[in-house]
Amino acid sequence: MVQLDLEDAIRLRMEMLLRNNPDLEIDSSVQEGDWALLTLNEGGRLVGFEFLETDDSWSRPDALLQYYEAANAGYYVGVIVPSWAVDDVNELVFSMGEYPVTILTYEDLGIEELASA
């Protein structure tokens with residue numbers, strides 16, 4: 001598998017989102033060097049977030065809290081993870097009882113997986 005760096009994944013995902021909704025305004029930031037946050041605005045109004053997770057970042061202690069705080073505030077929350085981790089992430093999210101988070105894989109989106117170094 002070809003390694004794709006986080007910056008490339010951010011760029012590719014932003015292009016996809018903008019292709020589907022050209023009115024979207026997207027701010028991106030790399031957090032702690034190993035995961036990214038896309039903040040989605042439409043018409044100057046915050047509409048959601050996407051978390052681009054890597055092999056280890058999805059298991060950080062505050063990840064689930066971050067997803068749920070945003071989702072419980074009424075925002076769209078997408079979490080993009082490597083395909084091998086999707087079952088573990090689903091289980092983690094389901095452990096909260098509700099499922100207000102959309103979980104996708106890089107493969108689902110047609111983006112090469114983020115591989116371990």
# chains A, B, ... in the order shown; residues from 1 in each chain; ligands from 1
$ select_by_dssp --residues "region 22-90 of chain A" --states "alpha helix (DSSP H)" --output "list in words"
Ala63, Leu64, Leu65, Gln66, Tyr67, Tyr68, Glu69, Ala70, Ala71, Asn72, Val86, Asp87, Asp88, Val89 and Asn90 of chain A
$ write_last_selection --atoms "N, CA and C atoms" --output "PDB file, in the first residue's frame"
ATOM      1  N   ALA A  63     -10.706  11.418  21.827  1.00  0.00           N
ATOM      2  CA  ALA A  63     -11.319  11.362  20.499  1.00  0.00           C
ATOM      3  C   ALA A  63     -12.840  11.210  20.582  1.00  0.00           C
ATOM      4  N   LEU A  64     -13.300  10.229  21.322  1.00  0.00           N
ATOM      5  CA  LEU A  64     -14.730   9.979  21.407  1.00  0.00           C
ATOM      6  C   LEU A  64     -15.469  11.186  21.980  1.00  0.00           C
ATOM      7  N   LEU A  65     -14.899  11.806  22.984  1.00  0.00           N
ATOM      8  CA  LEU A  65     -15.496  13.000  23.572  1.00  0.00           C
ATOM      9  C   LEU A  65     -15.605  14.117  22.532  1.00  0.00           C
ATOM     10  N   GLN A  66     -14.567  14.298  21.741  1.00  0.00           N
ATOM     11  CA  GLN A  66     -14.600  15.328  20.698  1.00  0.00           C
ATOM     12  C   GLN A  66     -15.714  15.054  19.691  1.00  0.00           C
ATOM     13  N   TYR A  67     -15.851  13.803  19.268  1.00  0.00           N
ATOM     14  CA  TYR A  67     -16.908  13.454  18.316  1.00  0.00           C
ATOM     15  C   TYR A  67     -18.282  13.770  18.898  1.00  0.00           C
ATOM     16  N   TYR A  68     -18.501  13.317  20.134  1.00  0.00           N
ATOM     17  CA  TYR A  68     -19.824  13.452  20.736  1.00  0.00           C
ATOM     18  C   TYR A  68     -20.174  14.869  21.141  1.00  0.00           C
ATOM     19  N   GLU A  69     -19.191  15.649  21.565  1.00  0.00           N
ATOM     20  CA  GLU A  69     -19.484  17.045  21.901  1.00  0.00           C
ATOM     21  C   GLU A  69     -20.017  17.775  20.675  1.00  0.00           C
ATOM     22  N   ALA A  70     -19.366  17.563  19.533  1.00  0.00           N
ATOM     23  CA  ALA A  70     -19.806  18.229  18.306  1.00  0.00           C
ATOM     24  C   ALA A  70     -21.155  17.685  17.837  1.00  0.00           C
ATOM     25  N   ALA A  71     -21.327  16.365  17.858  1.00  0.00           N
ATOM     26  CA  ALA A  71     -22.583  15.758  17.400  1.00  0.00           C
ATOM     27  C   ALA A  71     -23.743  16.154  18.313  1.00  0.00           C
ATOM     28  N   ASN A  72     -23.508  16.161  19.611  1.00  0.00           N
ATOM     29  CA  ASN A  72     -24.573  16.520  20.547  1.00  0.00           C
ATOM     30  C   ASN A  72     -24.951  17.992  20.470  1.00  0.00           C
ATOM     31  N   VAL A  86     -12.032   0.296  11.217  1.00  0.00           N
ATOM     32  CA  VAL A  86     -13.443   0.690  11.213  1.00  0.00           C
ATOM     33  C   VAL A  86     -14.283  -0.101  12.217  1.00  0.00           C
ATOM     34  N   ASP A  87     -14.047  -1.391  12.368  1.00  0.00           N
ATOM     35  CA  ASP A  87     -14.822  -2.174  13.335  1.00  0.00           C
ATOM     36  C   ASP A  87     -14.561  -1.705  14.762  1.00  0.00           C
ATOM     37  N   ASP A  88     -13.307  -1.428  15.084  1.00  0.00           N
ATOM     38  CA  ASP A  88     -12.961  -0.948  16.423  1.00  0.00           C
ATOM     39  C   ASP A  88     -13.575   0.426  16.690  1.00  0.00           C
ATOM     40  N   VAL A  89     -13.549   1.302  15.688  1.00  0.00           N
ATOM     41  CA  VAL A  89     -14.119   2.637  15.860  1.00  0.00           C
ATOM     42  C   VAL A  89     -15.634   2.542  16.001  1.00  0.00           C
ATOM     43  N   ASN A  90     -16.282   1.713  15.183  1.00  0.00           N
ATOM     44  CA  ASN A  90     -17.726   1.509  15.322  1.00  0.00           C
ATOM     45  C   ASN A  90     -18.075   1.033  16.720  1.00  0.00           C
TER      46      ASN A  90
END
$ residues_around --residues "Arg13 (chain A)" --least-positions-apart "2" --cutoff "12 Å" --atoms "only C-alpha atoms" --output "PyMOL selection string"
chain A and resi 6-11+15-20+26-28+36-38+40+50-52+78-80+104-112
$ residues_around --residues "Asp34 (chain A)" --least-positions-apart "6" --cutoff "10 Å" --atoms "only C-alpha atoms" --output "short mmCIF file (atom, residue, chain, number, x, y, z; two decimals) with N, CA and C atoms, in the first residue's frame"
data_model
loop_
_atom_site.label_atom_id
_atom_site.label_comp_id
_atom_site.auth_asym_id
_atom_site.auth_seq_id
_atom_site.Cartn_x
_atom_site.Cartn_y
_atom_site.Cartn_z
N ASP A 5 0.41 10.91 2.94
CA ASP A 5 0.56 11.69 4.17
C ASP A 5 -0.74 12.45 4.48
N LEU A 6 -0.82 12.91 5.68
CA LEU A 6 -2.03 13.55 6.18
C LEU A 6 -2.39 14.79 5.37
N LEU A 52 -9.99 13.42 10.38
CA LEU A 52 -9.21 12.50 9.57
C LEU A 52 -8.20 11.85 10.51
N GLU A 53 -8.48 10.60 10.81
CA GLU A 53 -7.69 9.87 11.79
C GLU A 53 -6.64 8.99 11.11
N THR A 54 -5.59 8.72 11.86
CA THR A 54 -4.51 7.86 11.36
C THR A 54 -4.53 6.55 12.15
N ASP A 55 -3.54 5.71 11.93
CA ASP A 55 -3.49 4.40 12.56
C ASP A 55 -3.69 4.44 14.07
N ASP A 56 -3.10 5.41 14.73
CA ASP A 56 -3.15 5.47 16.18
C ASP A 56 -4.05 6.58 16.72
N SER A 57 -4.28 7.63 15.94
CA SER A 57 -4.94 8.81 16.50
C SER A 57 -6.38 8.57 16.92
N TRP A 58 -7.10 7.67 16.27
CA TRP A 58 -8.50 7.43 16.61
C TRP A 58 -8.66 6.89 18.03
#
$ residues_around --residues "Leu46 (chain A)" --least-positions-apart "6" --cutoff "10 Å" --atoms "only C-alpha atoms" --output "short mmCIF file (atom, residue, chain, number, x, y, z; two decimals) with all heavy atoms, in the first residue's frame"
data_model
loop_
_atom_site.label_atom_id
_atom_site.label_comp_id
_atom_site.auth_asym_id
_atom_site.auth_seq_id
_atom_site.Cartn_x
_atom_site.Cartn_y
_atom_site.Cartn_z
N LEU A 24 -19.42 25.40 0.25
CA LEU A 24 -18.83 25.05 1.53
C LEU A 24 -17.52 25.82 1.74
O LEU A 24 -16.75 26.01 0.81
CB LEU A 24 -18.54 23.55 1.53
CG LEU A 24 -18.58 22.78 2.84
CD1 LEU A 24 -19.90 22.97 3.57
CD2 LEU A 24 -18.36 21.31 2.56
N GLU A 25 -17.31 26.27 2.95
CA GLU A 25 -16.03 26.86 3.34
C GLU A 25 -15.40 25.89 4.33
O GLU A 25 -16.05 25.46 5.29
CB GLU A 25 -16.26 28.22 4.01
CG GLU A 25 -16.98 29.21 3.12
CD GLU A 25 -17.63 30.33 3.92
OE1 GLU A 25 -17.30 30.51 5.12
OE2 GLU A 25 -18.48 31.01 3.35
N ILE A 26 -14.14 25.53 4.08
CA ILE A 26 -13.50 24.51 4.90
C ILE A 26 -12.19 25.03 5.47
O ILE A 26 -11.33 25.51 4.73
CB ILE A 26 -13.21 23.24 4.07
CG1 ILE A 26 -14.48 22.74 3.40
CG2 ILE A 26 -12.59 22.16 4.95
CD1 ILE A 26 -14.25 21.63 2.39
N THR A 39 -13.15 21.84 9.53
CA THR A 39 -14.29 22.58 10.06
C THR A 39 -15.09 23.08 8.87
O THR A 39 -14.55 23.77 8.01
CB THR A 39 -13.81 23.74 10.94
OG1 THR A 39 -12.96 23.22 11.97
CG2 THR A 39 -14.98 24.48 11.57
N LEU A 40 -16.36 22.69 8.81
CA LEU A 40 -17.20 22.95 7.64
C LEU A 40 -18.20 24.06 7.94
O LEU A 40 -18.96 23.99 8.91
CB LEU A 40 -17.96 21.67 7.26
CG LEU A 40 -17.12 20.39 7.19
CD1 LEU A 40 -18.01 19.19 6.94
CD2 LEU A 40 -16.06 20.52 6.11
N TYR A 75 -24.19 19.29 15.23
CA TYR A 75 -23.39 19.39 14.02
C TYR A 75 -23.17 18.03 13.38
O TYR A 75 -23.15 17.00 14.07
CB TYR A 75 -22.03 20.03 14.32
CG TYR A 75 -22.15 21.43 14.86
CD1 TYR A 75 -21.84 21.71 16.18
CD2 TYR A 75 -22.60 22.46 14.05
CE1 TYR A 75 -21.96 23.00 16.69
CE2 TYR A 75 -22.73 23.75 14.54
CZ TYR A 75 -22.41 24.01 15.85
OH TYR A 75 -22.54 25.27 16.34
N TYR A 76 -22.99 18.04 12.06
CA TYR A 76 -22.56 16.84 11.36
C TYR A 76 -21.16 16.50 11.83
O TYR A 76 -20.30 17.39 11.96
CB TYR A 76 -22.56 17.08 9.84
CG TYR A 76 -21.64 16.15 9.08
CD1 TYR A 76 -22.00 14.82 8.87
CD2 TYR A 76 -20.40 16.59 8.60
CE1 TYR A 76 -21.15 13.95 8.20
CE2 TYR A 76 -19.55 15.73 7.93
CZ TYR A 76 -19.93 14.41 7.73
OH TYR A 76 -19.08 13.56 7.08
#
$ select_by_dssp --residues "chain A" --states "strand (DSSP E)" --output "number ranges by chain"
A: 24-31, 35-42, 45-52, 76-81, 102-105
$ atom_distance --atom1 "CA of Ala85 (chain A)" --atom2 "CA of Pro61 (chain A)"
15.8 Å
$ atom_distance --atom1 "CA of Pro100 (chain A)" --atom2 "CA of Arg60 (chain A)"
19.3 Å
